[in-house]
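Have a look at query_22.txt below; it lists compact mmCIF, N, CA and C atoms and all ligand atoms.
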# COMPACT_ATOMS: atom_id res chain seq x y z
N MET A 1 0.85 -1.19 0.00
CA MET A 1 0.00 0.00 0.00
C MET A 1 0.89 1.25 0.00
N ARG A 2 0.55 2.17 -0.89
CA ARG A 2 1.28 3.44 -0.95
C ARG A 2 0.27 4.58 -0.90
N ILE A 3 0.51 5.55 -0.03
CA ILE A 3 -0.45 6.62 0.20
C ILE A 3 0.10 7.96 -0.23
N THR A 4 -0.78 8.78 -0.81
CA THR A 4 -0.44 10.18 -1.05
C THR A 4 -1.60 11.04 -0.56
N VAL A 5 -1.31 12.26 -0.17
CA VAL A 5 -2.35 13.20 0.25
C VAL A 5 -2.13 14.53 -0.47
N ASP A 6 -3.21 15.26 -0.69
CA ASP A 6 -3.13 16.58 -1.31
C ASP A 6 -3.39 17.62 -0.22
N GLN A 7 -2.32 18.15 0.34
CA GLN A 7 -2.46 19.11 1.44
C GLN A 7 -3.17 20.39 1.01
N ASP A 8 -3.07 20.75 -0.27
CA ASP A 8 -3.70 21.99 -0.74
C ASP A 8 -5.22 21.92 -0.71
N ARG A 9 -5.77 20.70 -0.77
CA ARG A 9 -7.23 20.54 -0.80
C ARG A 9 -7.79 20.01 0.52
N CYS A 10 -6.93 19.69 1.47
CA CYS A 10 -7.37 19.20 2.79
C CYS A 10 -8.17 20.28 3.50
N VAL A 11 -9.30 19.89 4.11
CA VAL A 11 -10.14 20.86 4.81
C VAL A 11 -10.02 20.72 6.34
N SER A 12 -8.99 20.00 6.78
CA SER A 12 -8.64 19.90 8.21
C SER A 12 -9.73 19.26 9.06
N ALA A 13 -10.48 18.33 8.48
CA ALA A 13 -11.57 17.70 9.22
C ALA A 13 -11.06 16.74 10.30
N GLY A 14 -9.91 16.10 10.05
CA GLY A 14 -9.30 15.26 11.06
C GLY A 14 -9.79 13.82 11.12
N HIS A 15 -10.68 13.41 10.25
CA HIS A 15 -11.15 12.02 10.27
C HIS A 15 -10.00 11.04 10.07
N CYS A 16 -9.04 11.43 9.25
CA CYS A 16 -7.92 10.53 8.95
C CYS A 16 -7.12 10.21 10.22
N VAL A 17 -6.94 11.19 11.08
CA VAL A 17 -6.16 10.98 12.30
C VAL A 17 -6.90 10.04 13.26
N VAL A 18 -8.21 10.15 13.29
CA VAL A 18 -9.01 9.27 14.14
C VAL A 18 -8.94 7.84 13.61
N SER A 19 -9.02 7.68 12.30
CA SER A 19 -9.04 6.34 11.69
C SER A 19 -7.67 5.67 11.71
N ALA A 20 -6.61 6.43 11.49
CA ALA A 20 -5.27 5.83 11.39
C ALA A 20 -4.24 6.78 12.01
N PRO A 21 -4.18 6.84 13.33
CA PRO A 21 -3.28 7.79 13.99
C PRO A 21 -1.80 7.51 13.79
N ASP A 22 -1.45 6.29 13.40
CA ASP A 22 -0.04 5.98 13.13
C ASP A 22 0.41 6.48 11.76
N VAL A 23 -0.55 6.80 10.92
CA VAL A 23 -0.25 7.15 9.54
C VAL A 23 -0.47 8.63 9.24
N PHE A 24 -1.47 9.22 9.91
CA PHE A 24 -1.80 10.62 9.65
C PHE A 24 -1.68 11.45 10.92
N ASP A 25 -1.30 12.70 10.73
CA ASP A 25 -1.32 13.69 11.81
C ASP A 25 -1.84 14.99 11.21
N GLN A 26 -2.03 15.99 12.05
CA GLN A 26 -2.48 17.29 11.55
C GLN A 26 -1.50 18.37 12.00
N ARG A 27 -1.28 19.35 11.12
CA ARG A 27 -0.37 20.45 11.47
C ARG A 27 -0.93 21.23 12.64
N GLU A 28 -0.04 21.57 13.54
CA GLU A 28 -0.41 22.29 14.75
C GLU A 28 -1.16 23.58 14.42
N GLU A 29 -0.67 24.32 13.45
CA GLU A 29 -1.16 25.68 13.21
C GLU A 29 -2.49 25.75 12.47
N ASP A 30 -2.76 24.83 11.56
CA ASP A 30 -3.99 24.95 10.76
C ASP A 30 -4.74 23.63 10.58
N GLY A 31 -4.25 22.54 11.14
CA GLY A 31 -4.98 21.28 11.06
C GLY A 31 -4.86 20.52 9.76
N VAL A 32 -4.05 21.04 8.85
CA VAL A 32 -3.89 20.34 7.57
C VAL A 32 -3.16 19.02 7.79
N VAL A 33 -3.58 18.03 7.03
CA VAL A 33 -3.04 16.67 7.20
C VAL A 33 -1.52 16.62 6.98
N VAL A 34 -0.87 15.78 7.78
CA VAL A 34 0.55 15.46 7.61
C VAL A 34 0.65 13.95 7.46
N LEU A 35 1.25 13.50 6.40
CA LEU A 35 1.40 12.06 6.18
C LEU A 35 2.65 11.57 6.90
N LEU A 36 2.45 10.73 7.91
CA LEU A 36 3.56 10.24 8.72
C LEU A 36 4.24 9.03 8.09
N ASP A 37 3.44 8.21 7.39
CA ASP A 37 3.98 6.96 6.86
C ASP A 37 3.33 6.65 5.52
N PRO A 38 4.00 6.96 4.41
CA PRO A 38 3.41 6.73 3.08
C PRO A 38 3.32 5.25 2.70
N ARG A 39 4.04 4.40 3.42
CA ARG A 39 3.97 2.95 3.16
C ARG A 39 3.73 2.22 4.48
N PRO A 40 2.52 2.29 5.00
CA PRO A 40 2.24 1.75 6.33
C PRO A 40 2.23 0.21 6.35
N PRO A 41 2.45 -0.36 7.53
CA PRO A 41 2.39 -1.82 7.67
C PRO A 41 0.96 -2.33 7.50
N VAL A 42 0.84 -3.61 7.25
CA VAL A 42 -0.46 -4.24 6.99
C VAL A 42 -1.46 -3.95 8.11
N ALA A 43 -0.98 -3.89 9.33
CA ALA A 43 -1.87 -3.66 10.47
C ALA A 43 -2.60 -2.32 10.38
N SER A 44 -2.08 -1.40 9.61
CA SER A 44 -2.70 -0.08 9.49
C SER A 44 -3.58 0.07 8.26
N HIS A 45 -3.59 -0.93 7.39
CA HIS A 45 -4.29 -0.79 6.11
C HIS A 45 -5.79 -0.56 6.25
N ALA A 46 -6.43 -1.24 7.18
CA ALA A 46 -7.88 -1.07 7.35
C ALA A 46 -8.21 0.36 7.77
N GLY A 47 -7.40 0.89 8.69
CA GLY A 47 -7.61 2.26 9.14
C GLY A 47 -7.39 3.27 8.03
N VAL A 48 -6.39 3.02 7.20
CA VAL A 48 -6.11 3.92 6.08
C VAL A 48 -7.26 3.88 5.07
N SER A 49 -7.76 2.70 4.79
CA SER A 49 -8.88 2.58 3.85
C SER A 49 -10.10 3.32 4.37
N GLU A 50 -10.35 3.21 5.66
CA GLU A 50 -11.46 3.93 6.27
C GLU A 50 -11.24 5.44 6.17
N ALA A 51 -10.02 5.88 6.43
CA ALA A 51 -9.70 7.31 6.34
C ALA A 51 -9.96 7.84 4.94
N ALA A 52 -9.53 7.09 3.93
CA ALA A 52 -9.72 7.53 2.55
C ALA A 52 -11.20 7.62 2.21
N LEU A 53 -11.97 6.69 2.76
CA LEU A 53 -13.41 6.66 2.50
C LEU A 53 -14.12 7.83 3.18
N LEU A 54 -13.69 8.14 4.39
CA LEU A 54 -14.38 9.16 5.19
C LEU A 54 -13.90 10.58 4.93
N CYS A 55 -12.75 10.74 4.35
CA CYS A 55 -12.20 12.08 4.13
C CYS A 55 -13.18 12.93 3.31
N PRO A 56 -13.69 14.02 3.88
CA PRO A 56 -14.71 14.80 3.19
C PRO A 56 -14.19 15.53 1.96
N ALA A 57 -12.89 15.70 1.86
CA ALA A 57 -12.32 16.38 0.70
C ALA A 57 -11.77 15.39 -0.32
N ALA A 58 -11.81 14.11 0.01
CA ALA A 58 -11.33 13.04 -0.89
C ALA A 58 -9.90 13.31 -1.37
N VAL A 59 -9.03 13.64 -0.44
CA VAL A 59 -7.66 13.97 -0.82
C VAL A 59 -6.65 12.88 -0.47
N ILE A 60 -7.15 11.75 0.09
CA ILE A 60 -6.26 10.64 0.42
C ILE A 60 -6.33 9.62 -0.71
N ARG A 61 -5.21 9.39 -1.35
CA ARG A 61 -5.14 8.42 -2.44
C ARG A 61 -4.38 7.19 -1.97
N VAL A 62 -4.94 6.03 -2.25
CA VAL A 62 -4.32 4.78 -1.84
C VAL A 62 -4.06 3.92 -3.06
N ALA A 63 -2.81 3.54 -3.25
CA ALA A 63 -2.44 2.63 -4.33
C ALA A 63 -2.02 1.31 -3.69
N ARG A 64 -2.60 0.25 -4.17
CA ARG A 64 -2.26 -1.06 -3.60
C ARG A 64 -1.24 -1.75 -4.50
N ALA A 65 -0.19 -2.26 -3.88
CA ALA A 65 0.86 -2.93 -4.63
C ALA A 65 0.34 -4.24 -5.19
N VAL A 66 0.70 -4.52 -6.43
CA VAL A 66 0.34 -5.79 -7.04
C VAL A 66 1.59 -6.66 -7.03
N SER A 67 1.50 -7.81 -6.38
CA SER A 67 2.68 -8.67 -6.30
C SER A 67 2.44 -9.98 -7.00
S1 LIG B 101 -9.79 13.62 6.72
FE1 LIG B 101 -9.18 14.53 4.75
S2 LIG B 101 -9.74 16.69 4.93
FE2 LIG B 101 -9.71 15.82 7.01
S3 LIG B 101 -7.63 16.23 7.79
FE3 LIG B 101 -7.62 14.19 6.87
S4 LIG B 101 -6.96 14.52 4.76
FE4 LIG B 101 -7.61 16.50 5.55
Using C-alpha cells, write down the structure that the file contains.
Ligand code: SF4
Amino acid sequence: MRITVDQDRCVSAGHCVVSAPDVFDQREEDGVVVLLDPRPPVASHAGVSEAALLCPAAVIRVARAVS
C-alpha cells in the first residue's frame, strides 16, 4: 500500500487521524493533514482505507501494490 495526500485541498476535518493515527497527523497551526507513513504496515491498512473513504475532501489516495 502506498499513500499520497493533497495538502492543498485538505479541509482539516481530522477524520484521517481518528481512523489511522499511526499514519496521519495534523499540522499544529492549521490542522492540515501530515502524512507520517506513506507505506504503512499491513496492520494499518484497514484504518487507512477507512480514512480515505471518510475524508470529506477526498484527498487521500491509496495505491495497492500488485505482487
Ligand atoms: S480527513 Fe481529509 S480533509 Fe480531514 S484532515 Fe484528513 S486529509 Fe484532511
- [ ] Compute the set of protein, DNA and RNA residues whose minimum atom distance to ligand LIG 101 (chain B) is at most 6.5 Å, using only N, CA and C atoms and all ligand atoms, and state it as number ranges by chain.
- [x] A: 9-17, 26, 31-33, 51, 54-60
Atoms kept (N, CA and C atoms) for selection, written as a PDB file, in the frame of the given file:
ATOM      1  N   ARG A   9      -5.770  20.700  -0.770  1.00  0.00           N
ATOM      2  CA  ARG A   9      -7.230  20.540  -0.800  1.00  0.00           C
ATOM      3  C   ARG A   9      -7.790  20.010   0.520  1.00  0.00           C
ATOM      4  N   CYS A  10      -6.930  19.690   1.470  1.00  0.00           N
ATOM      5  CA  CYS A  10      -7.370  19.200   2.790  1.00  0.00           C
ATOM      6  C   CYS A  10      -8.170  20.280   3.500  1.00  0.00           C
ATOM      7  N   VAL A  11      -9.300  19.890   4.110  1.00  0.00           N
ATOM      8  CA  VAL A  11     -10.140  20.860   4.810  1.00  0.00           C
ATOM      9  C   VAL A  11     -10.020  20.720   6.340  1.00  0.00           C
ATOM     10  N   SER A  12      -8.990  20.000   6.780  1.00  0.00           N
ATOM     11  CA  SER A  12      -8.640  19.900   8.210  1.00  0.00           C
ATOM     12  C   SER A  12      -9.730  19.260   9.060  1.00  0.00           C
ATOM     13  N   ALA A  13     -10.480  18.330   8.480  1.00  0.00           N
ATOM     14  CA  ALA A  13     -11.570  17.700   9.220  1.00  0.00           C
ATOM     15  C   ALA A  13     -11.060  16.740  10.300  1.00  0.00           C
ATOM     16  N   GLY A  14      -9.910  16.100  10.050  1.00  0.00           N
ATOM     17  CA  GLY A  14      -9.300  15.260  11.060  1.00  0.00           C
ATOM     18  C   GLY A  14      -9.790  13.820  11.120  1.00  0.00           C
ATOM     19  N   HIS A  15     -10.680  13.410  10.250  1.00  0.00           N
ATOM     20  CA  HIS A  15     -11.150  12.020  10.270  1.00  0.00           C
ATOM     21  C   HIS A  15     -10.000  11.040  10.070  1.00  0.00           C
ATOM     22  N   CYS A  16      -9.040  11.430   9.250  1.00  0.00           N
ATOM     23  CA  CYS A  16      -7.920  10.530   8.950  1.00  0.00           C
ATOM     24  C   CYS A  16      -7.120  10.210  10.220  1.00  0.00           C
ATOM     25  N   VAL A  17      -6.940  11.190  11.080  1.00  0.00           N
ATOM     26  CA  VAL A  17      -6.160  10.980  12.300  1.00  0.00           C
ATOM     27  C   VAL A  17      -6.900  10.040  13.260  1.00  0.00           C
ATOM     28  N   GLN A  26      -2.030  15.990  12.050  1.00  0.00           N
ATOM     29  CA  GLN A  26      -2.480  17.290  11.550  1.00  0.00           C
ATOM     30  C   GLN A  26      -1.500  18.370  12.000  1.00  0.00           C
ATOM     31  N   GLY A  31      -4.250  22.540  11.140  1.00  0.00           N
ATOM     32  CA  GLY A  31      -4.980  21.280  11.060  1.00  0.00           C
ATOM     33  C   GLY A  31      -4.860  20.520   9.760  1.00  0.00           C
ATOM     34  N   VAL A  32      -4.050  21.040   8.850  1.00  0.00           N
ATOM     35  CA  VAL A  32      -3.890  20.340   7.570  1.00  0.00           C
ATOM     36  C   VAL A  32      -3.160  19.020   7.790  1.00  0.00           C
ATOM     37  N   VAL A  33      -3.580  18.030   7.030  1.00  0.00           N
ATOM     38  CA  VAL A  33      -3.040  16.670   7.200  1.00  0.00           C
ATOM     39  C   VAL A  33      -1.520  16.620   6.980  1.00  0.00           C
ATOM     40  N   ALA A  51     -10.020   5.880   6.430  1.00  0.00           N
ATOM     41  CA  ALA A  51      -9.700   7.310   6.340  1.00  0.00           C
ATOM     42  C   ALA A  51      -9.960   7.840   4.940  1.00  0.00           C
ATOM     43  N   LEU A  54     -13.690   8.140   4.390  1.00  0.00           N
ATOM     44  CA  LEU A  54     -14.380   9.160   5.190  1.00  0.00           C
ATOM     45  C   LEU A  54     -13.900  10.580   4.930  1.00  0.00           C
ATOM     46  N   CYS A  55     -12.750  10.740   4.350  1.00  0.00           N
ATOM     47  CA  CYS A  55     -12.200  12.080   4.130  1.00  0.00           C
ATOM     48  C   CYS A  55     -13.180  12.930   3.310  1.00  0.00           C
ATOM     49  N   PRO A  56     -13.690  14.020   3.880  1.00  0.00           N
ATOM     50  CA  PRO A  56     -14.710  14.800   3.190  1.00  0.00           C
ATOM     51  C   PRO A  56     -14.190  15.530   1.960  1.00  0.00           C
ATOM     52  N   ALA A  57     -12.890  15.700   1.860  1.00  0.00           N
ATOM     53  CA  ALA A  57     -12.320  16.380   0.700  1.00  0.00           C
ATOM     54  C   ALA A  57     -11.770  15.390  -0.320  1.00  0.00           C
ATOM     55  N   ALA A  58     -11.810  14.110   0.010  1.00  0.00           N
ATOM     56  CA  ALA A  58     -11.330  13.040  -0.890  1.00  0.00           C
ATOM     57  C   ALA A  58      -9.900  13.310  -1.370  1.00  0.00           C
ATOM     58  N   VAL A  59      -9.030  13.640  -0.440  1.00  0.00           N
ATOM     59  CA  VAL A  59      -7.660  13.970  -0.820  1.00  0.00           C
ATOM     60  C   VAL A  59      -6.650  12.880  -0.470  1.00  0.00           C
ATOM     61  N   ILE A  60      -7.150  11.750   0.090  1.00  0.00           N
ATOM     62  CA  ILE A  60      -6.260  10.640   0.420  1.00  0.00           C
ATOM     63  C   ILE A  60      -6.330   9.620  -0.710  1.00  0.00           C
TER      64      ILE A  60
END
TODO: Step one, run DSSP on the backbone; step two, keep only residues of chain A assigned to helix (DSSP H, G or I); then write them as a VMD selection string.
DONE: chain A and resid 15 to 19 42 to 54
- [ ] Could you give me, as a list in words, the residues within 7 Å of stretch 18-24 of chain A, counting all atoms listed in the file and dropping anything in the same chain fewer than 5 positions from it?
- [x]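 That gives Val33, Val34, Leu35, Leu36, Asp37, Pro38, Pro40, Ser44, Ala46, Gly47, Val48, Glu50 and Ala51 of chain A.
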Open item on the list: Run DSSP on the backbone and tell me which residues of chain A come out as strand (DSSP E or B); list them as an MDAnalysis selection string.
Closed with: chainID A and resid 2:5 24:26 33:35 60:63
Need to verify the contact set: A:Arg2, 5 Å, all atoms listed in the file, exclusion of same-chain residues closer than 5 positions in sequence. Can you return it as a PDB file with N, CA and C atoms, in the frame of the given file?
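What landed in selection.pdb:
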ATOM      1  N   PRO A  38       4.000   6.960   4.410  1.00  0.00           N
ATOM      2  CA  PRO A  38       3.410   6.730   3.080  1.00  0.00           C
ATOM      3  C   PRO A  38       3.320   5.250   2.700  1.00  0.00           C
ATOM      4  N   ARG A  39       4.040   4.400   3.420  1.00  0.00           N
ATOM      5  CA  ARG A  39       3.970   2.950   3.160  1.00  0.00           C
ATOM      6  C   ARG A  39       3.730   2.220   4.480  1.00  0.00           C
ATOM      7  N   VAL A  62      -4.940   6.030  -2.250  1.00  0.00           N
ATOM      8  CA  VAL A  62      -4.320   4.780  -1.840  1.00  0.00           C
ATOM      9  C   VAL A  62      -4.060   3.920  -3.060  1.00  0.00           C
ATOM     10  N   ALA A  63      -2.810   3.540  -3.250  1.00  0.00           N
ATOM     11  CA  ALA A  63      -2.440   2.630  -4.330  1.00  0.00           C
ATOM     12  C   ALA A  63      -2.020   1.310  -3.690  1.00  0.00           C
ATOM     13  N   ARG A  64      -2.600   0.250  -4.170  1.00  0.00           N
ATOM     14  CA  ARG A  64      -2.260  -1.060  -3.600  1.00  0.00           C
ATOM     15  C   ARG A  64      -1.240  -1.750  -4.500  1.00  0.00           C
TER      16      ARG A  64
END
Task: Point-to-point distance from atom CA of A:His45 to atom N of A:Glu29, Å rounded to tenths - done: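 Those two atoms sit 26.4 Å apart.
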Enclose stretch 39-50 of chain A, meaning all of its atoms listed in the file, in a box aligned along x, y and z, pad it by 6 Å on each side, and list the centre and edge lengths in Å to one decimal, as JSON.
{"center_x": -3.7, "center_y": 0.6, "center_z": 6.8, "size_x": 27.5, "size_y": 21.7, "size_z": 19.3}
Task: Gap from atom CA of A:Val42 to atom N of A:Thr4 - Å, one decimal - done: 15.2 Å
Regenerate stretch 36-47 of chain A at the level of all heavy atoms and dump it as a compact mmCIF listing (two decimals), in the frame of the given file.
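Written file, selection.txt:
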# COMPACT_ATOMS: atom_id res chain seq x y z
N LEU A 36 2.45 10.73 7.91
CA LEU A 36 3.56 10.24 8.72
C LEU A 36 4.24 9.03 8.09
O LEU A 36 5.44 8.82 8.26
CB LEU A 36 3.06 9.84 10.12
CG LEU A 36 2.41 10.93 10.96
CD1 LEU A 36 1.86 10.33 12.25
CD2 LEU A 36 3.39 12.05 11.25
N ASP A 37 3.44 8.21 7.39
CA ASP A 37 3.98 6.96 6.86
C ASP A 37 3.33 6.65 5.52
O ASP A 37 2.22 6.12 5.47
CB ASP A 37 3.71 5.83 7.86
CG ASP A 37 4.40 4.54 7.48
OD1 ASP A 37 5.00 4.49 6.38
OD2 ASP A 37 4.33 3.58 8.26
N PRO A 38 4.00 6.96 4.41
CA PRO A 38 3.41 6.73 3.08
C PRO A 38 3.32 5.25 2.70
O PRO A 38 2.60 4.90 1.77
CB PRO A 38 4.35 7.48 2.13
CG PRO A 38 5.63 7.62 2.87
CD PRO A 38 5.29 7.65 4.33
N ARG A 39 4.04 4.40 3.42
CA ARG A 39 3.97 2.95 3.16
C ARG A 39 3.73 2.22 4.48
O ARG A 39 4.63 1.59 5.04
CB ARG A 39 5.27 2.45 2.52
CG ARG A 39 5.48 2.93 1.10
CD ARG A 39 6.79 2.39 0.57
NE ARG A 39 7.04 2.82 -0.79
CZ ARG A 39 6.63 2.14 -1.86
NH1 ARG A 39 6.00 1.01 -1.71
NH2 ARG A 39 6.90 2.58 -3.07
N PRO A 40 2.52 2.29 5.00
CA PRO A 40 2.24 1.75 6.33
C PRO A 40 2.23 0.21 6.35
O PRO A 40 1.98 -0.43 5.32
CB PRO A 40 0.86 2.30 6.65
CG PRO A 40 0.23 2.47 5.32
CD PRO A 40 1.32 2.87 4.38
N PRO A 41 2.45 -0.36 7.53
CA PRO A 41 2.39 -1.82 7.67
C PRO A 41 0.96 -2.33 7.50
O PRO A 41 0.00 -1.57 7.61
CB PRO A 41 2.89 -2.06 9.09
CG PRO A 41 2.63 -0.78 9.80
CD PRO A 41 2.78 0.31 8.78
N VAL A 42 0.84 -3.61 7.25
CA VAL A 42 -0.46 -4.24 6.99
C VAL A 42 -1.46 -3.95 8.11
O VAL A 42 -2.65 -3.73 7.86
CB VAL A 42 -0.29 -5.77 6.80
CG1 VAL A 42 -1.64 -6.46 6.73
CG2 VAL A 42 0.51 -6.04 5.54
N ALA A 43 -0.98 -3.89 9.33
CA ALA A 43 -1.87 -3.66 10.47
C ALA A 43 -2.60 -2.32 10.38
O ALA A 43 -3.66 -2.15 10.98
CB ALA A 43 -1.06 -3.72 11.77
N SER A 44 -2.08 -1.40 9.61
CA SER A 44 -2.70 -0.08 9.49
C SER A 44 -3.58 0.07 8.26
O SER A 44 -4.25 1.09 8.08
CB SER A 44 -1.60 1.01 9.42
OG SER A 44 -0.82 1.00 10.58
N HIS A 45 -3.59 -0.93 7.39
CA HIS A 45 -4.29 -0.79 6.11
C HIS A 45 -5.79 -0.56 6.25
O HIS A 45 -6.37 0.25 5.52
CB HIS A 45 -4.04 -2.02 5.24
CG HIS A 45 -2.65 -2.07 4.69
ND1 HIS A 45 -2.25 -2.96 3.72
CD2 HIS A 45 -1.55 -1.32 4.97
CE1 HIS A 45 -0.97 -2.75 3.43
NE2 HIS A 45 -0.53 -1.78 4.18
N ALA A 46 -6.43 -1.24 7.18
CA ALA A 46 -7.88 -1.07 7.35
C ALA A 46 -8.21 0.36 7.77
O ALA A 46 -9.14 0.98 7.26
CB ALA A 46 -8.42 -2.07 8.37
N GLY A 47 -7.40 0.89 8.69
CA GLY A 47 -7.61 2.26 9.14
C GLY A 47 -7.39 3.27 8.03
O GLY A 47 -8.12 4.25 7.90
